[in-house]
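Inspection log for the structure reproduced underneath, given as structure tokens.
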Amino acid sequence: MGQVYLADTRPQSGAVASADEVAAAFGAVAADRAALADRLRAAGRDAEAGIVTVAALMAADPALVDPALAAVQAGAEAADAVLQATETQARMLAALPNPELAERAADVRQIGQAVLERLAGGAAAPPDADFILIRREVAAADLIELSESGLVAAASVTGGASSHAAIIARGLGLPMLTGLDPAVLGARQGARALLSADGGVLIVSPDAADVSAVARKAAASGRDPQAAAPATPAVPAVTPDGQLVTLLCNVATAAEVRRGLAAGAAGVGLLRTEIPYTNVPDWPSRDDQQRRLEPMLSLLAGRLATVRLLDFSGDKIPPFLPPGGSGLAELLAHPSALADQLAAVLQAGRGAELAILIPMVRSLAEVTVVREAIGRATAELGCPVPRLGIMVELAGTAAVAETFGPAVDFFSIGTNDLTGQVLGLGRDDPGGSPALAADPRVLALIEHVVAAATAARISVSVCGDSAADPLVLPLLVGLGVRTLSVPAAAVSRVRNWVSELDTRACAALAAKAQSAGSVHEVWDLVRDADLG
């Protein structure tokens, strides 16, 4: 429950603005960013200056500006003209077959929103009370920045359940809905509203019956709406037949770390480092990375902290990467980017049980480069050598996992990307869902990876959101997974579920599921199974 916060400001309907005023708004956005870029460069902050310069150039691009001006001159309302021009450009980019170029659609929309805010006299400030963020396109950064400022839920017109914004929301314990009707953007600013992720509804101005119905559904789901308490000793999950399952949490913020530890997580199985840098113009500096990592890693003294190297892939491609390039390949090829990140991690995590995780691995050569870089960094700083693992999230890598086993210390199966690749779904696809990891083709790859880890005598975990999905969790346990890294807000819930799962019954279910004809058939098998 909270007040509606419409962050996408635009002029009121019927507001009159001439073509000259629209041109001035575009020009002001470009000029503001150019001036800021100059100030940042003068202060030696070249990385930040670069991204602002890119934004200034986009705001001045005739390909974006001229269609909006022409529409206003032809009689269109200024806000409609700006939105139309922006959306036309964005859709052209989004339709490109190159996923990196397609991701630039969001950048164009951000410029259009800045122009609308200029025409409207500025963006509305968040309410002082609890609020529900509503945007056409909620970003992961929105949630992180507002998570401790009264944000209680979020609603987005675009995106899907596998977008990184949705993943961050789950980790923060924030209810979030995606793929909503654009009519939601017409809600009254400041109105009382109720959002239920379980029920899939956003109700503006709810009555008593609405509130009661949502409260009953939340209670039935077993979700814990309370804020994080102080950290507690690690509490493993134990199955009825005595099998221990270690629970870790996935995090990108200190708030998530605190919440996961309060729920008894043994540590962090996935620390996402790239979220703050998806819109910057250059590789982040060592000092900036250390500054951002310290609030999280300082909470993990004596506990496992699995830090993933910058994962610029999918819907997280920053402007400085070339179109079509591999984020990992660029990281490894850069003269200082990998060394800077490793130094920042080692310094910030001196008290933690550090492990380094390589994303989107395709070859043993990539593992060798990182291991050698770790050796140099630890020798220079006098730090212990952390364990080194790989994300198994590409179907090709999963299929040959046995070739990677002897070269690493652990596997971490990323079911979000693995499932998307196997099924041909993007992160923002509305049809995406963590439960799709129950597809027989995905299960077969997971089984293969677990077998490869066993043969190599290394540990294996699942860090995708499917580990916290009730239709997938029993299958993972049945396939032999004994370490799960889940959204911080889901730790207690997953522990309760695991405590009701007999591993032998789960193994029989997983074997049967791999012979199923579809993921829907697997879901039915799980629902009907007696797993206690």
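Residues in the structure tokens are numbered from 1 in each chain, the chains being A, B, ... in the order shown, and ligands are numbered from 1 in the order shown.
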Residues within 7 Å of range 273-276 of chain A, only C-alpha atoms, excluding chain neighbours under 2 positions, as an MDAnalysis selection string: chainID A and resid 141 252 271 278 308:312
For C-alpha atoms, I'd like the residues from the last selection saved as a CSV table (one decimal), in the first residue's frame.
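What ended up in again-v4.csv:
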```csv
chain,number,residue,atom,x,y,z
A,141,ALA,CA,18.8,1.7,-10.9
A,252,ALA,CA,23.2,-6.0,-5.6
A,271,LEU,CA,26.9,-10.4,-5.9
A,278,THR,CA,25.0,-0.1,-17.2
A,308,ARG,CA,30.6,-11.9,-10.1
A,309,LEU,CA,32.8,-10.0,-12.5
A,310,LEU,CA,31.2,-7.2,-14.4
A,311,ASP,CA,28.5,-9.0,-16.4
A,312,PHE,CA,27.7,-6.7,-19.3
```
From the DSSP assignment of the backbone, select every residue of range 112-154 of chain A that is strand (DSSP E), and format the answer as a PyMOL selection string. chain A and resi 131-135+151-154
Would you mind exporting the chosen residues as a compact mmCIF listing (two decimals), in the first residue's frame, restricted to N, CA and C atoms?
```txt
# COMPACT_ATOMS: atom_id res chain seq x y z
N PHE A 131 5.46 4.92 -1.11
CA PHE A 131 4.94 5.14 -2.45
C PHE A 131 5.18 3.95 -3.36
N ILE A 132 4.36 3.89 -4.41
CA ILE A 132 4.48 2.88 -5.46
C ILE A 132 4.98 3.57 -6.72
N LEU A 133 6.16 3.18 -7.19
CA LEU A 133 6.75 3.77 -8.39
C LEU A 133 6.04 3.22 -9.62
N ILE A 134 5.58 4.12 -10.50
CA ILE A 134 4.96 3.71 -11.75
C ILE A 134 5.69 4.42 -12.89
N ARG A 135 6.25 3.63 -13.79
CA ARG A 135 6.97 4.19 -14.94
C ARG A 135 6.65 3.37 -16.18
N LEU A 151 10.04 3.64 -1.05
CA LEU A 151 9.52 2.78 -2.11
C LEU A 151 9.02 1.47 -1.53
N VAL A 152 7.75 1.12 -1.82
CA VAL A 152 7.19 -0.13 -1.30
C VAL A 152 6.78 -1.09 -2.41
N ALA A 153 6.71 -0.62 -3.67
CA ALA A 153 6.34 -1.48 -4.79
C ALA A 153 6.61 -0.72 -6.08
N ALA A 154 6.57 -1.43 -7.21
CA ALA A 154 6.82 -0.79 -8.50
C ALA A 154 5.96 -1.44 -9.57
```
Go through range 407-469 of chain A and collect every residue that DSSP, computed from the backbone, puts in helix (DSSP H, G or I); the answer should be as JSON, numbers by chain. {"A": [407, 415, 416, 417, 418, 419, 420, 421, 422, 423, 434, 435, 436, 437, 438, 440, 441, 442, 443, 444, 445, 446, 447, 448, 449, 450, 451, 452, 453, 454, 455, 456, 465, 466, 467, 468]}
Report the distance between CA of Val449 in chain A and CA of Val367 in chain A in Å, rounded to one decimal place. 17.0 Å
For Ile374 in chain A: contacts at 9 Å, only C-alpha atoms, fewer than 2 positions along chain excluded, given as a list in words: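 Counting only the stated atoms, we get Ala339, Leu342, Ala343, Val369, Val370, Arg371, Glu372, Arg376, Ala377, Thr378, Ala379, Val385, Pro386 and Leu388 of chain A.
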Please save N, CA and C atoms of the selected residues as a PDB file, in the first residue's frame.
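This went into again.pdb:
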```
ATOM      1  N   ALA A 339      41.997  -5.975 -13.889  1.00  0.00           N
ATOM      2  CA  ALA A 339      42.880  -5.751 -12.743  1.00  0.00           C
ATOM      3  C   ALA A 339      42.258  -4.765 -11.756  1.00  0.00           C
ATOM      4  N   LEU A 342      39.398  -6.623  -9.840  1.00  0.00           N
ATOM      5  CA  LEU A 342      39.906  -7.599  -8.880  1.00  0.00           C
ATOM      6  C   LEU A 342      40.522  -6.905  -7.662  1.00  0.00           C
ATOM      7  N   ALA A 343      41.273  -5.822  -7.906  1.00  0.00           N
ATOM      8  CA  ALA A 343      41.870  -5.092  -6.784  1.00  0.00           C
ATOM      9  C   ALA A 343      40.786  -4.513  -5.879  1.00  0.00           C
ATOM     10  N   VAL A 369      42.840 -16.652 -18.224  1.00  0.00           N
ATOM     11  CA  VAL A 369      43.159 -15.231 -18.121  1.00  0.00           C
ATOM     12  C   VAL A 369      42.779 -14.696 -16.746  1.00  0.00           C
ATOM     13  N   VAL A 370      41.588 -15.065 -16.272  1.00  0.00           N
ATOM     14  CA  VAL A 370      41.139 -14.562 -14.968  1.00  0.00           C
ATOM     15  C   VAL A 370      41.983 -15.148 -13.845  1.00  0.00           C
ATOM     16  N   ARG A 371      42.283 -16.433 -13.897  1.00  0.00           N
ATOM     17  CA  ARG A 371      43.071 -17.039 -12.818  1.00  0.00           C
ATOM     18  C   ARG A 371      44.456 -16.393 -12.732  1.00  0.00           C
ATOM     19  N   GLU A 372      45.067 -16.125 -13.879  1.00  0.00           N
ATOM     20  CA  GLU A 372      46.380 -15.479 -13.873  1.00  0.00           C
ATOM     21  C   GLU A 372      46.279 -14.059 -13.317  1.00  0.00           C
ATOM     22  N   ARG A 376      48.188 -12.369  -9.945  1.00  0.00           N
ATOM     23  CA  ARG A 376      48.955 -11.120  -9.897  1.00  0.00           C
ATOM     24  C   ARG A 376      48.388 -10.173  -8.841  1.00  0.00           C
ATOM     25  N   ALA A 377      47.054 -10.073  -8.779  1.00  0.00           N
ATOM     26  CA  ALA A 377      46.420  -9.133  -7.854  1.00  0.00           C
ATOM     27  C   ALA A 377      46.654  -9.538  -6.397  1.00  0.00           C
ATOM     28  N   THR A 378      46.536 -10.819  -6.101  1.00  0.00           N
ATOM     29  CA  THR A 378      46.733 -11.262  -4.713  1.00  0.00           C
ATOM     30  C   THR A 378      48.189 -11.124  -4.294  1.00  0.00           C
ATOM     31  N   ALA A 379      49.109 -11.354  -5.224  1.00  0.00           N
ATOM     32  CA  ALA A 379      50.527 -11.188  -4.906  1.00  0.00           C
ATOM     33  C   ALA A 379      50.838  -9.725  -4.604  1.00  0.00           C
ATOM     34  N   VAL A 385      44.306 -16.118  -1.934  1.00  0.00           N
ATOM     35  CA  VAL A 385      43.756 -16.356  -3.269  1.00  0.00           C
ATOM     36  C   VAL A 385      42.322 -16.856  -3.134  1.00  0.00           C
ATOM     37  N   PRO A 386      41.353 -16.144  -3.691  1.00  0.00           N
ATOM     38  CA  PRO A 386      39.957 -16.590  -3.582  1.00  0.00           C
ATOM     39  C   PRO A 386      39.664 -17.768  -4.499  1.00  0.00           C
ATOM     40  N   LEU A 388      37.783 -19.691  -7.462  1.00  0.00           N
ATOM     41  CA  LEU A 388      37.370 -19.195  -8.770  1.00  0.00           C
ATOM     42  C   LEU A 388      36.337 -20.137  -9.368  1.00  0.00           C
TER      43      LEU A 388
END
```
Can you work out which one of A:Pro319, A:Gly414, A:Gly420, A:Pro126 has the shortest atom-to-atom distance to Val462 in chain A, counting only C-alpha atoms?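 Comparing A:Pro319, A:Gly414, A:Gly420, A:Pro126 against Val462 in chain A, the winner is A:Gly414.
Residues in contact with Ser499 in chain A at 10 Å, where only C-alpha atoms are counted and same-chain residues fewer than 6 positions away are skipped, are listed as Pro236, Ala237, Val238, Thr239, Pro240, Asp241, Gly242, Gln243, Leu244, Val245 and Gly532 of chain A.
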Nearest to Gly260 in chain A by atom-to-atom distance, counting only C-alpha atoms, from A:Ala529, A:Ala70, A:Ala187, A:Met296: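 Of A:Ala529, A:Ala70, A:Ala187, A:Met296, the one nearest Gly260 in chain A is A:Met296, counting only C-alpha atoms.
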Distance criterion (only C-alpha atoms): nearest to Asn416 in chain A out of A:Leu354, A:Leu364, A:Ala166, A:Ala193: A:Ala166
Shortest interatomic distance to Leu195 in chain A - which of A:Ala455, A:Leu146, A:Leu525, A:Met1, counting only C-alpha atoms: A:Met1
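CA of Ala401 in chain A is found 29.0 Å from CA of Pro335 in chain A.
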Could you tell me which of A:Asp287, A:Glu402, A:Asp32, A:Asp429 comes closest to His448 in chain A if we count only C-alpha atoms? A:Glu402
7 Å contact set for range 390-398 of chain A, only C-alpha atoms, chain neighbours under 6 positions out, as an NGL selection string: :A and (357-362 or 410-415 or 417-418 or 421-422 or 445 or 449)
Output the selection as a CSV table (one decimal), in the first residue's frame - C-alpha atoms for each residue.
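Saved as again_38.csv:
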```csv
chain,number,residue,atom,x,y,z
A,357,LEU,CA,32.6,-15.8,-10.4
A,358,ILE,CA,33.2,-15.4,-14.2
A,359,PRO,CA,30.0,-14.7,-16.2
A,360,MET,CA,29.1,-15.8,-19.7
A,361,VAL,CA,32.0,-18.2,-20.0
A,362,ARG,CA,32.6,-19.8,-23.4
A,410,PHE,CA,32.9,-24.4,-8.4
A,411,PHE,CA,30.0,-24.1,-10.9
A,412,SER,CA,27.2,-21.7,-10.5
A,413,ILE,CA,24.2,-22.4,-12.7
A,414,GLY,CA,22.5,-19.3,-14.0
A,415,THR,CA,19.0,-20.6,-14.8
A,417,ASP,CA,20.0,-16.9,-19.0
A,418,LEU,CA,20.3,-20.7,-19.5
A,421,GLN,CA,18.8,-19.2,-24.4
A,422,VAL,CA,17.4,-22.7,-24.6
A,445,LEU,CA,21.5,-29.5,-19.1
A,449,VAL,CA,26.3,-29.9,-15.1
```
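Interatomic distance, CA of Leu338 in chain A to CA of Glu380 in chain A: 14.4 Å.
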Contact residues around Ala59 in chain A with only C-alpha atoms at 7 Å, ignoring same-chain residues under 3 positions, as a ChimeraX atom specification: /A:26,29-30,55-56,111
I'd like to know which of A:Arg350, A:Arg258, A:Lys512, A:Lys316 is closest to Ala165 in chain A, using only C-alpha atoms.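 Of all the options, A:Lys316 lies closest to Ala165 in chain A.
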Pick out the residues sitting within 8 Å of range 489-496 of chain A, and hand them over as a PyMOL selection string; count only C-alpha atoms, and ignore anything fewer than 5 positions along from it in its own chain. chain A and resi 170-173+222-224+236-238+247-249+256+259-260+263-265+468
Those residues with C-alpha atoms, as a PDB file, in the first residue's frame please?
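Okay, this is what ended up in again.pdb:
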```pdb
ATOM      1  CA  ARG A 170      12.631  -9.741  -5.866  1.00  0.00           C
ATOM      2  CA  GLY A 171      15.942  -9.434  -4.057  1.00  0.00           C
ATOM      3  CA  LEU A 172      14.801  -6.303  -2.261  1.00  0.00           C
ATOM      4  CA  GLY A 173      11.494  -7.914  -1.386  1.00  0.00           C
ATOM      5  CA  GLY A 222       3.773 -17.041   3.308  1.00  0.00           C
ATOM      6  CA  ARG A 223       5.638 -13.895   2.284  1.00  0.00           C
ATOM      7  CA  ASP A 224       7.333 -11.887   4.999  1.00  0.00           C
ATOM      8  CA  PRO A 236      20.619 -24.480   6.606  1.00  0.00           C
ATOM      9  CA  ALA A 237      17.557 -26.134   5.189  1.00  0.00           C
ATOM     10  CA  VAL A 238      17.139 -29.779   6.160  1.00  0.00           C
ATOM     11  CA  LEU A 247      20.988 -21.330   1.339  1.00  0.00           C
ATOM     12  CA  LEU A 248      22.774 -18.253   0.002  1.00  0.00           C
ATOM     13  CA  CYS A 249      21.347 -15.004  -1.347  1.00  0.00           C
ATOM     14  CA  GLU A 256      19.635  -7.113   0.225  1.00  0.00           C
ATOM     15  CA  ARG A 259      17.844  -8.915   4.552  1.00  0.00           C
ATOM     16  CA  GLY A 260      19.414 -12.198   3.456  1.00  0.00           C
ATOM     17  CA  ALA A 263      16.844 -14.604   7.283  1.00  0.00           C
ATOM     18  CA  GLY A 264      19.749 -16.946   8.035  1.00  0.00           C
ATOM     19  CA  ALA A 265      21.497 -17.105   4.654  1.00  0.00           C
ATOM     20  CA  ALA A 468      13.035 -19.884  -5.414  1.00  0.00           C
TER      21      ALA A 468
END
```
